[in-house]
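What's in data-v3.txt: compact mmCIF, C-alpha atoms
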# COMPACT_ATOMS: atom_id res chain seq x y z
CA TYR A 1 -11.35 -39.66 10.40
CA LEU A 2 -14.59 -40.03 8.49
CA GLY A 3 -15.37 -36.65 7.00
CA LEU A 4 -13.89 -33.27 6.24
CA SER A 5 -16.88 -31.34 7.53
CA GLY A 6 -15.02 -29.38 10.17
CA SER A 7 -14.42 -32.26 12.56
CA LEU A 8 -11.11 -33.36 14.02
CA PRO A 9 -9.16 -36.28 12.62
CA CYS A 10 -10.37 -39.73 13.62
CA LEU A 11 -7.02 -40.47 15.19
CA ALA A 12 -7.87 -38.07 17.98
CA ILE A 13 -11.53 -38.68 18.85
CA CYS A 14 -13.33 -41.35 16.82
CA SER A 15 -15.05 -44.49 18.00
CA PRO A 16 -13.56 -47.92 17.37
CA ALA A 17 -16.30 -48.58 14.78
CA ALA A 18 -15.18 -45.50 12.82
CA LEU A 19 -11.60 -46.77 12.65
CA LEU A 20 -12.46 -49.70 10.39
CA PRO A 21 -13.34 -47.64 7.28
CA GLY A 22 -10.19 -45.53 7.77
CA ALA A 23 -8.06 -48.65 8.08
CA ILE A 24 -9.61 -50.12 4.93
CA PHE A 25 -8.97 -46.83 3.12
CA SER A 26 -5.33 -46.65 4.25
CA PHE A 27 -4.65 -50.31 3.44
CA GLY A 28 -6.30 -49.96 0.03
CA LEU A 29 -4.21 -46.91 -0.87
CA ALA A 30 -1.00 -48.66 0.20
CA TRP A 31 -1.93 -51.79 -1.73
CA ALA A 32 -2.78 -49.80 -4.86
CA SER A 33 0.53 -47.96 -4.62
CA MET A 34 2.55 -51.15 -4.36
CA VAL A 35 0.78 -52.78 -7.30
CA ASP A 36 1.16 -49.67 -9.49
CA PHE A 37 4.83 -49.31 -8.59
CA ASP A 38 5.46 -52.97 -9.45
CA ARG A 39 3.17 -53.48 -12.48
CA PHE A 40 2.13 -50.00 -13.70
CA ILE A 41 -1.52 -50.85 -13.14
CA LEU A 42 -4.14 -49.89 -10.57
CA PRO A 43 -6.54 -52.85 -10.26
CA ASP A 44 -10.25 -52.11 -10.46
CA VAL A 45 -10.90 -54.36 -7.47
CA ILE A 46 -8.97 -51.88 -5.32
CA THR A 47 -10.04 -48.56 -6.84
CA LEU A 48 -13.71 -49.39 -7.36
CA GLY A 49 -13.87 -51.05 -3.95
CA LEU A 50 -12.46 -47.95 -2.27
CA ILE A 51 -14.95 -45.76 -4.14
CA ALA A 52 -17.82 -47.93 -2.90
CA VAL A 53 -16.59 -47.88 0.71
CA GLY A 54 -16.01 -44.11 0.59
CA LEU A 55 -19.51 -43.44 -0.72
CA GLY A 56 -20.91 -45.85 1.88
CA VAL A 57 -19.21 -43.88 4.62
CA ALA A 58 -20.60 -40.67 3.11
CA LEU A 59 -24.14 -42.12 3.18
CA ASN A 60 -23.69 -42.69 6.89
CA GLU A 61 -22.73 -39.02 7.32
CA GLY A 62 -25.82 -37.61 5.62
CA MET A 63 -27.10 -36.28 2.34
CA LEU A 64 -24.80 -33.24 2.12
CA ALA A 65 -21.67 -35.36 2.59
CA THR A 66 -22.97 -37.91 0.10
CA GLN A 67 -23.65 -35.24 -2.52
CA GLU A 68 -20.20 -33.67 -2.07
CA ARG A 69 -18.49 -37.04 -2.34
CA VAL A 70 -20.45 -38.24 -5.38
CA ILE A 71 -19.54 -34.99 -7.13
CA GLY A 72 -15.94 -35.57 -6.00
CA ALA A 73 -15.81 -39.09 -7.42
CA VAL A 74 -17.29 -38.01 -10.76
CA ALA A 75 -15.09 -34.89 -10.96
CA GLY A 76 -11.95 -36.80 -9.99
CA TYR A 77 -12.48 -39.45 -12.63
CA GLY A 78 -13.65 -36.97 -15.24
CA ALA A 79 -10.71 -34.58 -14.80
CA LEU A 80 -8.00 -37.20 -15.31
CA ALA A 81 -9.94 -39.10 -17.98
CA LEU A 82 -10.28 -35.84 -19.94
CA LEU A 83 -6.59 -35.08 -19.46
CA ALA A 84 -5.65 -38.60 -20.63
CA THR A 85 -7.87 -38.28 -23.70
CA LEU A 86 -6.45 -34.87 -24.63
CA TYR A 87 -2.88 -36.10 -24.22
CA GLN A 88 -3.62 -39.19 -26.33
CA ARG A 89 -5.05 -37.05 -29.13
CA LEU A 90 -2.30 -34.44 -29.02
CA ARG A 91 0.69 -36.76 -28.65
CA GLY A 92 -0.61 -39.91 -30.31
CA ARG A 93 0.33 -42.11 -27.35
CA SER A 94 -0.99 -42.92 -23.93
CA GLY A 95 0.36 -40.74 -21.13
CA LEU A 96 -1.99 -41.45 -18.24
CA GLY A 97 -3.87 -44.59 -17.39
CA MET A 98 -7.52 -44.81 -16.47
CA GLY A 99 -6.44 -46.41 -13.18
CA ASP A 100 -5.08 -43.01 -12.17
CA ALA A 101 -8.44 -41.45 -13.01
CA LYS A 102 -10.19 -44.07 -10.88
CA LEU A 103 -7.75 -43.43 -8.04
CA LEU A 104 -8.54 -39.71 -8.12
CA ALA A 105 -12.21 -40.73 -8.04
CA VAL A 106 -11.34 -42.60 -4.82
CA GLY A 107 -9.99 -39.32 -3.45
CA GLY A 108 -13.20 -37.56 -4.42
CA ALA A 109 -15.35 -40.29 -2.86
CA TRP A 110 -13.51 -40.03 0.45
CA LEU A 111 -12.59 -36.33 0.60
CA GLY A 112 -15.15 -34.52 -1.54
CA TRP A 113 -14.62 -32.45 -4.64
CA THR A 114 -13.08 -29.46 -2.84
CA ALA A 115 -10.02 -31.50 -1.84
CA LEU A 116 -9.15 -32.63 -5.37
CA PRO A 117 -7.04 -29.60 -6.40
CA ALA A 118 -4.87 -30.03 -3.29
CA VAL A 119 -4.50 -33.76 -3.98
CA LEU A 120 -3.41 -33.16 -7.58
CA LEU A 121 -1.01 -30.38 -6.58
CA ILE A 122 0.66 -32.44 -3.85
CA ALA A 123 0.90 -35.56 -6.03
CA SER A 124 2.28 -33.68 -9.04
CA LEU A 125 4.85 -31.71 -7.06
CA CYS A 126 6.06 -34.78 -5.17
CA CYS A 127 6.38 -36.77 -8.38
CA LEU A 128 8.26 -33.96 -10.12
CA VAL A 129 10.64 -33.42 -7.21
CA LEU A 130 11.39 -37.11 -6.63
CA VAL A 131 11.85 -37.98 -10.31
CA GLY A 132 14.02 -34.89 -10.75
CA ALA A 133 16.11 -35.82 -7.72
CA GLN A 134 16.59 -39.37 -9.03
CA ALA A 135 17.75 -38.01 -12.38
CA ALA A 136 20.15 -35.59 -10.68
CA LEU A 137 21.61 -38.31 -8.47
CA ARG A 138 22.19 -40.56 -11.47
CA GLY A 139 23.67 -37.70 -13.44
CA SER A 140 21.20 -38.24 -16.26
CA ARG A 141 18.29 -36.37 -17.67
CA MET A 142 14.66 -36.99 -16.79
CA PRO A 143 13.40 -40.49 -17.62
CA SER A 144 11.52 -40.89 -20.87
CA GLY A 145 9.75 -44.11 -19.91
CA PRO A 146 6.62 -44.61 -17.84
CA ILE A 147 6.44 -43.33 -14.29
CA PRO A 148 3.83 -44.86 -11.97
CA PHE A 149 1.72 -41.90 -10.82
CA GLY A 150 -0.52 -43.98 -8.55
CA PRO A 151 1.83 -44.01 -5.55
CA TYR A 152 2.12 -40.22 -5.64
CA LEU A 153 -1.63 -39.83 -6.03
CA ALA A 154 -2.39 -42.32 -3.25
CA GLY A 155 0.11 -40.61 -0.94
CA ALA A 156 -1.40 -37.21 -1.62
CA ILE A 157 -4.93 -38.51 -1.00
CA TRP A 158 -3.81 -40.01 2.29
CA VAL A 159 -2.01 -36.83 3.40
CA VAL A 160 -5.08 -34.71 2.65
CA PHE A 161 -7.25 -37.30 4.40
CA LEU A 162 -5.16 -36.98 7.55
CA PHE A 163 -4.33 -33.29 7.62
CA ALA A 164 -7.06 -31.34 5.83
CA PRO A 165 -9.24 -31.03 8.97
CA LEU A 166 -6.35 -29.31 10.74
CA VAL A 167 -5.88 -26.65 8.06
Starting from the coordinates I provided, produce the structure as structure tokens.
Amino acid sequence: YLGLSGSLPCLAICSPAALLPGAIFSFGLAWASMVDFDRFILPDVITLGLIAVGLGVALNEGMLATQERVIGAVAGYGALALLATLYQRLRGRSGLGMGDAKLLAVGGAWLGWTALPAVLLIASLCCLVLVGAQAALRGSRMPSGPIPFGPYLAGAIWVVFLFAPLV
């Protein structure tokens, strides 16, 4: 699938040439998730590379798609960067990494700005439910240490990428 502009998912009707960007996107999200889960970092080589590929795909789809995706990348980064800055100032400690902001920019570059609220909602709810379930199973309270948000964000981006055209 190479666009949310009312077309069906790529899995159903796309050409073999259109599968390559989707495979790169999927692999990049999975790779970013594994690195963040293991090291609590989202490498720029992955996030910035995925932004570039996503905007390149948008250029191939036309000016309207490109405009929507550029706005999405800027809005995605800006929203989480602003949230991270506000949290840092209010709490006096870091609560969200800039890698997460870059990963949401990836979502914007591939899905457009209109998909970002759904991505954040899905990622946040999944993270809350899974971390809460882990705490309940261990019989302890919620963890106070860092939680890698990248895997939840990457999963939500991928889910919206696959299923948004069907909604």
>> What does the structure give for the distance between atom CA of A:Val53 and atom CA of A:Pro117, in Å to one decimal?
In response: 21.8 Å
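In this model, the gap between atom CA of A:Met98 and atom CA of A:Pro21 comes to 24.6 Å.
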>> So that I can check the surroundings of stretch 134-150 of chain A, please list as an MDAnalysis selection string every protein, DNA and RNA residue that reaches within 10 Å of it, counting only C-alpha atoms and ignoring chain neighbours fewer than 2 positions away.
In response: chainID A and resid 29:30 32:42 94:97 99:104 123:124 127:132 152:156
>> I need the residue nearest A:Gly107 from this list: A:Pro43, A:Phe25, A:Leu82, A:Leu125. Use all atoms listed in the file for the distance.
In response: A:Phe25
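Atom CA of A:Ser26 sits 19.8 Å away from atom CA of A:Val70.
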>> Just want the 10 Å neighbourhood of A:Val45, counted on all atoms listed in the file, with same-chain residues fewer than 4 positions away dropped. Output as number ranges by chain.
In response: A: 28, 32, 49-50
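Considering all atoms listed in the file, the residue among A:Ala81, A:Val74, A:Ala23, A:Gln88 positioned nearest to A:Ala109 is A:Val74.
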>> Using all atoms listed in the file, can you tell me which of A:Ala105, A:Ala52, A:Ala65, A:Pro16 comes closest to A:Leu80?
In response: A:Ala105
I want to know what sits within 12 Å of A:Ala115, based on all atoms listed in the file, with residues of the same chain fewer than 6 positions away left out; could you give that as a PDB file with C-alpha atoms, in the frame of the given file?
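Produced file out.pdb, reproduced below:
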ATOM      1  CA  GLY A   3     -15.370 -36.650   7.000  1.00  0.00           C
ATOM      2  CA  LEU A   4     -13.890 -33.270   6.240  1.00  0.00           C
ATOM      3  CA  SER A   5     -16.880 -31.340   7.530  1.00  0.00           C
ATOM      4  CA  GLU A  68     -20.200 -33.670  -2.070  1.00  0.00           C
ATOM      5  CA  ARG A  69     -18.490 -37.040  -2.340  1.00  0.00           C
ATOM      6  CA  ILE A  71     -19.540 -34.990  -7.130  1.00  0.00           C
ATOM      7  CA  GLY A  72     -15.940 -35.570  -6.000  1.00  0.00           C
ATOM      8  CA  ALA A  73     -15.810 -39.090  -7.420  1.00  0.00           C
ATOM      9  CA  ALA A  75     -15.090 -34.890 -10.960  1.00  0.00           C
ATOM     10  CA  GLY A  76     -11.950 -36.800  -9.990  1.00  0.00           C
ATOM     11  CA  LEU A 104      -8.540 -39.710  -8.120  1.00  0.00           C
ATOM     12  CA  ALA A 105     -12.210 -40.730  -8.040  1.00  0.00           C
ATOM     13  CA  VAL A 106     -11.340 -42.600  -4.820  1.00  0.00           C
ATOM     14  CA  GLY A 107      -9.990 -39.320  -3.450  1.00  0.00           C
ATOM     15  CA  GLY A 108     -13.200 -37.560  -4.420  1.00  0.00           C
ATOM     16  CA  ALA A 109     -15.350 -40.290  -2.860  1.00  0.00           C
ATOM     17  CA  LEU A 121      -1.010 -30.380  -6.580  1.00  0.00           C
ATOM     18  CA  ILE A 122       0.660 -32.440  -3.850  1.00  0.00           C
ATOM     19  CA  ALA A 156      -1.400 -37.210  -1.620  1.00  0.00           C
ATOM     20  CA  ILE A 157      -4.930 -38.510  -1.000  1.00  0.00           C
ATOM     21  CA  TRP A 158      -3.810 -40.010   2.290  1.00  0.00           C
ATOM     22  CA  VAL A 159      -2.010 -36.830   3.400  1.00  0.00           C
ATOM     23  CA  VAL A 160      -5.080 -34.710   2.650  1.00  0.00           C
ATOM     24  CA  PHE A 161      -7.250 -37.300   4.400  1.00  0.00           C
ATOM     25  CA  LEU A 162      -5.160 -36.980   7.550  1.00  0.00           C
ATOM     26  CA  PHE A 163      -4.330 -33.290   7.620  1.00  0.00           C
ATOM     27  CA  ALA A 164      -7.060 -31.340   5.830  1.00  0.00           C
ATOM     28  CA  PRO A 165      -9.240 -31.030   8.970  1.00  0.00           C
ATOM     29  CA  VAL A 167      -5.880 -26.650   8.060  1.00  0.00           C
TER      30      VAL A 167
END
Could you put an axis-aligned box around every listed atom of stretch 43-51 of chain A, padded by 8 Å on each side, and send me its centre and edge lengths in Å to one decimal, as AutoDock Vina command-line options?
--center_x -10.7 --center_y -50.1 --center_z -6.4 --size_x 24.4 --size_y 24.6 --size_z 24.2
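Minimum distance to A:Thr47 across A:Leu59, A:Thr66, A:Thr85, A:Trp110 (counting all atoms listed in the file) occurs at A:Trp110.
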